[in-house]
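The structure appears right after this line, and notes come after that.
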Amino acid sequence: MATLELSIDQDAVASPVRRTRRLGLLFWLVGTFSLTLPKSGRWLESVKSVFGIAMLAAALYFVRDLIPGLTELAQRNTRFLLIAFGLIATGLALGAVTATFHGSTLATRARKSAGIALAVLGLCGLIGYMEALPPGARIAWLEDYSAAQQLARTSGKPLLVDFGASWCGACGELDRHTFSHTQVVREGQRFVPVRIDLSPGQDSPEKQALLKSYNHRGLPLVVLHDASGKEAHRITNFVEPQKFLELMRGVR
């Protein structure tokens, strides 16, 4: 019995000793490898500048719909792409990332501010290029609903009505992926297409009344009328090009 008690006492004493040794080893490892950890300095300022430029570009991207005509500036061509890259390169050359606001002269701060502005514009232009429709892949939309309706009636063609807005995400997807599809554009030549733009600066009470006449609230809304003027199909969300093409081909 005495031997057993002695063994228990030794284990109780050894346990805190082992914990102390382990903690000592841990602190030694932290102290050793902390000498190689990156220190704060100019590199951290550069990292902050990169994330700052990205955040500014993201903010401008999300408020783009509140600025009338901004989304129409982007084009899918080589010239626009080179301009976007040129703005980014010029901004970086001016010190958008490498220069600092802290402890610098007024000229350096002004140069960095200009560089940030150009880099943000270039980054937004690059995003706009990727979202823009390719050249020629467009439906020749009319803007006057009454004139389009009259043209469809006199020509005996079906009528394609698209209610959309720059702030409508699904409308943008339809425009970029479905209405830009080569076969959809080709099939659209059989229709009289009219687009009712409800974007900020383009909306009007008359357009809202026209939307209400279809007994529908919200966007997107795409309506296909046959040659007699009767509604054939109604789309209220994003549809793939092939599905939309099937609906178009079924309208006569």
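Identifiers in the structure tokens: chain A, B, ... in order shown; residue index from 1 per chain; ligand index from 1 in order shown.
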As a PyMOL selection string, please: every residue in stretch 24-138 of chain A that DSSP puts in alpha helix (DSSP H). chain A and resi 24-33+42-62+78-93+106-131
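Between atom CA of A:Ser104 and atom CA of A:Val47 the separation is 17.8 Å.
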What are the closest atom pairs, with distances in Å to one decimal, for all residues of stretch 98-134 of chain A lying within 8 Å of stretch 172-187 of chain A? Consider only C-alpha atoms, order rows by chain and residue number, and present the result as a Markdown table.
| residue | atom | partner | partner_atom | distance |
| --- | --- | --- | --- | --- |
| A:Glu131 | CA | A:Arg176 | CA | 7.2 |
| A:Ala132 | CA | A:Arg176 | CA | 7.2 |
| A:Leu133 | CA | A:Arg176 | CA | 5.9 |
| A:Pro134 | CA | A:Ser180 | CA | 7.9 |
Would you output that residue set with N, CA and C atoms, as a PDB file, in the first residue's frame?
ATOM      1  N   GLU A 131     -18.391  42.470 -68.772  1.00  0.00           N
ATOM      2  CA  GLU A 131     -19.846  42.377 -68.722  1.00  0.00           C
ATOM      3  C   GLU A 131     -20.516  42.891 -69.992  1.00  0.00           C
ATOM      4  N   ALA A 132     -19.787  43.635 -70.806  1.00  0.00           N
ATOM      5  CA  ALA A 132     -20.383  44.220 -72.006  1.00  0.00           C
ATOM      6  C   ALA A 132     -20.687  43.149 -73.045  1.00  0.00           C
ATOM      7  N   LEU A 133     -21.654  43.435 -73.874  1.00  0.00           N
ATOM      8  CA  LEU A 133     -22.015  42.515 -74.949  1.00  0.00           C
ATOM      9  C   LEU A 133     -21.007  42.602 -76.077  1.00  0.00           C
ATOM     10  N   PRO A 134     -20.744  41.487 -76.763  1.00  0.00           N
ATOM     11  CA  PRO A 134     -19.824  41.525 -77.907  1.00  0.00           C
ATOM     12  C   PRO A 134     -20.426  42.323 -79.052  1.00  0.00           C
TER      13      PRO A 134
END
- prompt: If we count only C-alpha atoms, what is near A:Glu45 at a cut-off of 10 Å, once residues fewer than 2 positions away on the same chain are taken out, given as an MDAnalysis selection string?
  reply: chainID A and resid 40:43 47:50 97:102
Å distance separating atom CA of A:Val222 from atom CA of A:Val63, one decimal place
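According to the coordinates, atom CA of A:Val222 and atom CA of A:Val63 are separated by 25.1 Å.
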**Asked** Any idea what's packed within 9 Å of A:Ala140, counting only C-alpha atoms, ignoring anything in its chain fewer than 6 positions away? Could you give it as a list in words?
**Response** Val185, Gly188, Gln189, Val192, Pro193 and Val194 of chain A
Correct to one decimal, the distance atom CA of A:Arg76-atom CA of A:Tyr61 is 17.3 Å
Exercise. Using only C-alpha atoms, which residue out of A:Lys207, A:Leu198, A:Leu160, A:Lys212 lies closest to A:Leu224?
Worked result: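 Closest to A:Leu224, using only C-alpha atoms: A:Leu160.
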query = Out of A:Gln150, A:Tyr214, A:Cys124, A:Phe163, which residue has the shortest atom-to-atom distance to A:Ala54 when counting only C-alpha atoms?
reply =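 For A:Ala54, the nearest of the given residues is A:Cys124.
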Point out the residue among A:Asn77, A:Leu66, A:Phe244, A:Gly122 with the least atom-to-atom distance to A:Ala89, counting only C-alpha atoms.
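Among A:Asn77, A:Leu66, A:Phe244, A:Gly122, it is A:Gly122 that comes nearest to A:Ala89.
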Item to complete: Using only C-alpha atoms, pick whichever of A:Ala74, A:Ala152, A:Ala93, A:Ile235 has the shortest atom-to-atom distance to A:Ile127.
Response: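 For A:Ile127, the nearest of the candidates is A:Ala74.
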Please identify all polymer residues within 7 Å of A:Lys112, counting only C-alpha atoms, omitting same-chain residues fewer than 6 positions from it, and present them as a list in words.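 Residues near the query, excluding close chain neighbours: Leu94, Gly95, Ala96 and Ala99 of chain A.
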